[in-house]
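Enquirer: Here you go, one structure.
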Amino acid sequence: MKEPLSDNKINVVAVVGPTASGKTKYSIELAKKINGEIISADSRLVYKDMNIGTAKPTLEEMSGIKHYMIDIVFPNDDYSAGLYKKQASECIEKIYLKGKIPIIVGGTGLYTDILLRGYDLPEIPPNNEYRKQLEILTTEQLYNKLNKLDSESAIKIGKNDKKKLIRAIEIISSTSKKLSDSRSIGISQYNVKWIGMNFERDKLYQRINERVDKMIDDGLIDETKLLIKKYGRVYNIVNTIGYREIVQYLDGNMTLDCAVELLKKNTRNYAKRQLTWFRKFDDIEWNVFPDKLKK
């Protein structure tokens, strides 16, 4: 068994940034160089069968590097940030005891914060009756409701993530506190090297648009059909960027061209929110990687 560090903290690397910024490819090359294994910090990659629409790395792309926290639950299962923290922490320990470096990779800021920055979430059990009342509201109505309760959290979550909007309202209603006041910050149990991935805005948007076009070419429409057939119109499918827009096309509410353009727009807006989240931290070093890994 490997001896613990003198300060009893495990060294980890965190690779964060917006979607389509090259985190996956960079982290795999980094893992090869430093004898690392990768733990996903993406709230969508935990779901099985949701592959094309989440840009889930293939076995070929993984290049033999062990990945954790991918394909661990079904789309019709509930999954929480608190559960992610517990399971990802176990993965870090497992990798460390193998004598390797844990590399946390993803764009879900809440996941990286609760795992690596010592954030604690309030343990508020689901209020199913209250959720039913909220679920009949539109995303715009939910956003406006949250904005009145906690404008900072509303901006971070955005107007289209119905699941997160409902959960935020549920927590605030239960605690009578803003989310930022409900989340306590302890001391991280890890020594973290933070690396941020990004491109100039025009280049990032171009990469996002090209990724969406590739998703369509790779079979996103058929994947969406298969997911609905297998699991039904469950929340984690019909309200996830990448599938939500295609569902609107399949329902005849818009043309395929309009659905694709909407998907590109929603993904660009999501990237903006991701950058807003990560840019508030001064310890993230942006684009500190060899030129050959930028592609």
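By order of appearance in the structure tokens: chains A, B, ..., then residues from 1 within every chain, and ligands from 1 in the order shown.
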Under the rule of at most 7 Å, produce a per-residue listing of segment 217-250 of chain A near segment 46-63 of chain A: chain, number, name, the closest pair of atoms, and the distance in Å, as a Markdown table, using only C-alpha atoms.
Expert:
| residue | atom | partner | partner_atom | distance |
| --- | --- | --- | --- | --- |
| A:Leu220 | CA | A:Ile52 | CA | 5.9 |
| A:Gly242 | CA | A:Gly53 | CA | 4.8 |
| A:Tyr243 | CA | A:Gly53 | CA | 6.3 |
Enquirer: Considering only strand (DSSP E or B) as DSSP defines it on the backbone, what residues of segment 136-218 of chain A qualify? List them as a ChimeraX atom specification.
Expert: /A:184-185,190-196
Enquirer: Given only C-alpha atoms as the basis, pick out the residue of A:Ile216, A:Leu227, A:Ile221, A:Ala41 nearest to Asn76 of chain A.
Expert: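 Comparing A:Ile216, A:Leu227, A:Ile221, A:Ala41 against Asn76 of chain A, the winner is A:Leu227.
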Enquirer: Apply DSSP to the backbone of this structure and, from segment 49-257 of chain A, keep only the residues in alpha helix (DSSP H); write these as an MDAnalysis selection string.
Expert: chainID A and resid 59:62 81:97 109:116 128:135 139:149 151:157 162:175 179:182 201:218 220:231 235:238 244:250 256:257
Enquirer: Could you pull the residues within 10 Å of Glu29 of chain A, counting only C-alpha atoms, minus those fewer than 5 positions along the same chain, as number ranges by chain?
Expert: A: 24, 34, 36, 62-63, 65, 293
Enquirer: For the selection you just gave me, I'd like the residues written to a file as a PDB file, in the first residue's frame, keeping N, CA and C atoms.
Expert:
ATOM      1  N   THR A  24     -11.361  16.305 -22.738  1.00  0.00           N
ATOM      2  CA  THR A  24     -11.233  14.848 -22.820  1.00  0.00           C
ATOM      3  C   THR A  24      -9.908  14.440 -23.426  1.00  0.00           C
ATOM      4  N   ILE A  34       1.584  11.172 -16.804  1.00  0.00           N
ATOM      5  CA  ILE A  34       1.826  11.230 -15.350  1.00  0.00           C
ATOM      6  C   ILE A  34       1.321   9.981 -14.627  1.00  0.00           C
ATOM      7  N   GLY A  36      -1.717   8.488 -14.719  1.00  0.00           N
ATOM      8  CA  GLY A  36      -2.981   8.835 -14.079  1.00  0.00           C
ATOM      9  C   GLY A  36      -4.157   8.024 -14.569  1.00  0.00           C
ATOM     10  N   MET A  62     -10.606   6.664 -25.292  1.00  0.00           N
ATOM     11  CA  MET A  62     -10.000   6.532 -23.966  1.00  0.00           C
ATOM     12  C   MET A  62      -8.565   6.012 -24.026  1.00  0.00           C
ATOM     13  N   SER A  63      -8.214   5.386 -25.118  1.00  0.00           N
ATOM     14  CA  SER A  63      -6.824   4.948 -25.375  1.00  0.00           C
ATOM     15  C   SER A  63      -6.246   4.096 -24.246  1.00  0.00           C
ATOM     16  N   ILE A  65      -6.839   4.239 -21.116  1.00  0.00           N
ATOM     17  CA  ILE A  65      -6.821   4.897 -19.799  1.00  0.00           C
ATOM     18  C   ILE A  65      -8.114   4.572 -19.061  1.00  0.00           C
ATOM     19  N   LEU A 293      -1.394  19.536 -27.792  1.00  0.00           N
ATOM     20  CA  LEU A 293      -2.602  18.990 -27.184  1.00  0.00           C
ATOM     21  C   LEU A 293      -3.809  19.879 -27.386  1.00  0.00           C
TER      22      LEU A 293
END
Enquirer: Give me the segment 11-42 of chain A side of the contact with segment 207-210 of chain A, cut-off 12 Å, one line per residue showing its nearest atom pair and distance in Å at one decimal, counting only C-alpha atoms, sorted by chain and residue number, as CSV.
Expert:
residue,atom,partner,partner_atom,distance
A:Pro18,CA,A:Ile208,CA,10.0
A:Thr19,CA,A:Ile208,CA,7.5
A:Ala20,CA,A:Ile208,CA,5.7
A:Ser21,CA,A:Arg207,CA,7.8
A:Gly22,CA,A:Arg207,CA,9.4
Enquirer: Please write the residues from the selection above to a file, keeping C-alpha atoms, as a CSV table (one decimal), in the first residue's frame.
Expert:
chain,number,residue,atom,x,y,z
A,18,PRO,CA,-16.7,24.6,-21.0
A,19,THR,CA,-18.0,22.0,-23.3
A,20,ALA,CA,-16.0,21.4,-26.5
A,21,SER,CA,-12.9,22.9,-25.0
A,22,GLY,CA,-10.8,19.8,-25.4
Enquirer: Would you please work out which residue, of A:Lys230, A:Lys164, A:Lys264, A:Lys177, is nearest to Val212 of chain A when using only C-alpha atoms?
Expert: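 Result for the nearest residue to Val212 of chain A: A:Lys264.
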Enquirer: With only C-alpha atoms as the basis for distance, which of A:Met254, A:Ile241, A:Leu45, A:Val105 is at the shortest distance from Tyr79 of chain A?
Expert: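 For Tyr79 of chain A, the nearest of the given residues is A:Leu45.
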Enquirer: Would you mind listing what lies within 7 Å of segment 271-285 of chain A as a ChimeraX atom specification, with only C-alpha atoms counted and same-chain residues fewer than 2 positions away left out?
Expert: /A:17-19,107,109,156,194-196,267-269,287-288
Enquirer: How about saving the chosen residues, N, CA and C atoms kept, as a compact mmCIF listing (two decimals), in the first residue's frame?
Expert:
# COMPACT_ATOMS: atom_id res chain seq x y z
N GLY A 17 -13.52 23.25 -17.50
CA GLY A 17 -13.75 24.22 -18.57
C GLY A 17 -15.06 23.95 -19.27
N PRO A 18 -15.39 24.76 -20.26
CA PRO A 18 -16.67 24.61 -20.96
C PRO A 18 -16.68 23.41 -21.89
N THR A 19 -17.86 23.04 -22.32
CA THR A 19 -18.01 21.97 -23.28
C THR A 19 -17.27 22.30 -24.57
N GLY A 107 -17.03 19.44 -16.82
CA GLY A 107 -17.51 20.81 -16.86
C GLY A 107 -18.66 21.09 -15.91
N GLY A 109 -19.48 22.26 -12.69
CA GLY A 109 -18.81 22.95 -11.61
C GLY A 109 -19.24 22.52 -10.23
N LYS A 156 -26.65 31.23 -12.43
CA LYS A 156 -25.73 30.11 -12.59
C LYS A 156 -26.41 28.91 -13.24
N TRP A 194 -5.31 22.75 -10.41
CA TRP A 194 -6.44 23.09 -11.28
C TRP A 194 -5.95 23.56 -12.64
N ILE A 195 -6.45 22.93 -13.70
CA ILE A 195 -6.12 23.31 -15.07
C ILE A 195 -7.42 23.65 -15.80
N GLY A 196 -7.47 24.83 -16.39
CA GLY A 196 -8.66 25.24 -17.12
C GLY A 196 -8.42 25.19 -18.62
N THR A 267 -26.23 25.00 -26.43
CA THR A 267 -24.90 24.53 -26.01
C THR A 267 -23.95 25.71 -25.81
N ARG A 268 -24.04 26.70 -26.67
CA ARG A 268 -23.19 27.90 -26.50
C ARG A 268 -23.55 28.62 -25.20
N ASN A 269 -24.85 28.72 -24.92
CA ASN A 269 -25.27 29.37 -23.67
C ASN A 269 -24.81 28.57 -22.45
N ASN A 287 -5.30 27.02 -19.80
CA ASN A 287 -4.57 26.62 -21.01
C ASN A 287 -3.08 26.39 -20.76
N VAL A 288 -2.75 25.76 -19.65
CA VAL A 288 -1.35 25.44 -19.37
C VAL A 288 -1.07 24.03 -19.89
Enquirer: For each of A:Ile187, A:Leu110, A:Ile172, A:Ile104, take the minimum atom-to-atom distance to Ile157 of chain A, counting only C-alpha atoms, then give the residue where this is smallest.
Expert: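 Closest candidate: A:Leu110.
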Enquirer: Taking into account only C-alpha atoms, which residue in the set A:Val260, A:Pro75, A:Asp202, A:Val13 is nearest to Asp217 of chain A?
Expert: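 Residue with the minimum atom-to-atom distance to Asp217 of chain A: A:Val260.
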Enquirer: With distances taken over only C-alpha atoms, which of A:Ile124, A:Phe74, A:Met69, A:Asn266 is nearest to Gly158 of chain A?
Expert: A:Asn266
Enquirer: As a list in words, please: the residues near Glu152 of chain A (cut-off 9 Å, only C-alpha atoms, same-chain neighbours under 3 positions excluded).
Expert: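 Within the cut-off, the hits are Asn147, Ile155, Lys156, Ile157, Lys178, Leu179 and Ser180 of chain A.
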Enquirer: Could you check how far atom CA of Ser188 of chain A sits from atom CA of Leu146 of chain A, in Å to one decimal?
Expert: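 We find that atom CA of Ser188 of chain A and atom CA of Leu146 of chain A lie 29.3 Å from each other.
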Enquirer: Can you list, as a list in words, every protein, DNA or RNA residue that comes within 9 Å of Ile103 of chain A when you count only C-alpha atoms, leaving out same-chain residues fewer than 2 positions away?
Expert: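 Everything that qualifies: Val12, Val13, Ala14, Val15, Ser27, Leu30, Ala31, Gly36, Glu37, Ile38, Ile39, Ser40, Ile92, Ile101 and Val105 of chain A.
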Enquirer: Would you write out those residues with N, CA and C atoms, as a CSV table (one decimal), in the first residue's frame?
Expert:
chain,number,residue,atom,x,y,z
A,12,VAL,N,-4.2,15.5,-6.5
A,12,VAL,CA,-5.1,15.2,-7.7
A,12,VAL,C,-4.9,16.4,-8.7
A,13,VAL,N,-5.3,16.1,-9.9
A,13,VAL,CA,-5.3,17.1,-11.0
A,13,VAL,C,-6.8,17.3,-11.4
A,14,ALA,N,-7.2,18.5,-11.6
A,14,ALA,CA,-8.6,18.8,-12.0
A,14,ALA,C,-8.5,19.5,-13.4
A,15,VAL,N,-9.1,18.9,-14.4
A,15,VAL,CA,-9.2,19.6,-15.7
A,15,VAL,C,-10.6,20.0,-16.0
A,27,SER,N,-6.9,15.4,-21.2
A,27,SER,CA,-6.8,14.7,-19.9
A,27,SER,C,-6.2,13.2,-20.2
A,30,LEU,N,-2.6,13.6,-20.8
A,30,LEU,CA,-2.0,13.9,-19.5
A,30,LEU,C,-1.9,12.6,-18.7
A,31,ALA,N,-2.9,11.8,-18.6
A,31,ALA,CA,-2.9,10.6,-17.9
A,31,ALA,C,-1.8,9.7,-18.3
A,36,GLY,N,-1.7,8.5,-14.7
A,36,GLY,CA,-3.0,8.8,-14.1
A,36,GLY,C,-4.2,8.0,-14.6
A,37,GLU,N,-5.3,8.1,-13.8
A,37,GLU,CA,-6.5,7.6,-14.3
A,37,GLU,C,-7.6,8.7,-14.1
A,38,ILE,N,-8.6,8.6,-14.9
A,38,ILE,CA,-9.6,9.7,-15.0
A,38,ILE,C,-10.9,9.4,-14.3
A,39,ILE,N,-11.4,10.4,-13.6
A,39,ILE,CA,-12.7,10.4,-13.0
A,39,ILE,C,-13.5,11.5,-13.6
A,40,SER,N,-14.6,11.1,-14.2
A,40,SER,CA,-15.5,12.1,-14.9
A,40,SER,C,-16.2,13.0,-13.9
A,92,ILE,N,-11.2,8.2,-6.1
A,92,ILE,CA,-9.9,8.9,-5.9
A,92,ILE,C,-9.1,8.0,-5.0
A,101,ILE,N,-2.1,8.7,-10.3
A,101,ILE,CA,-2.6,10.1,-10.0
A,101,ILE,C,-4.1,10.2,-10.4
A,105,VAL,N,-12.0,15.2,-14.4
A,105,VAL,CA,-12.2,15.9,-15.7
A,105,VAL,C,-13.7,16.2,-15.9
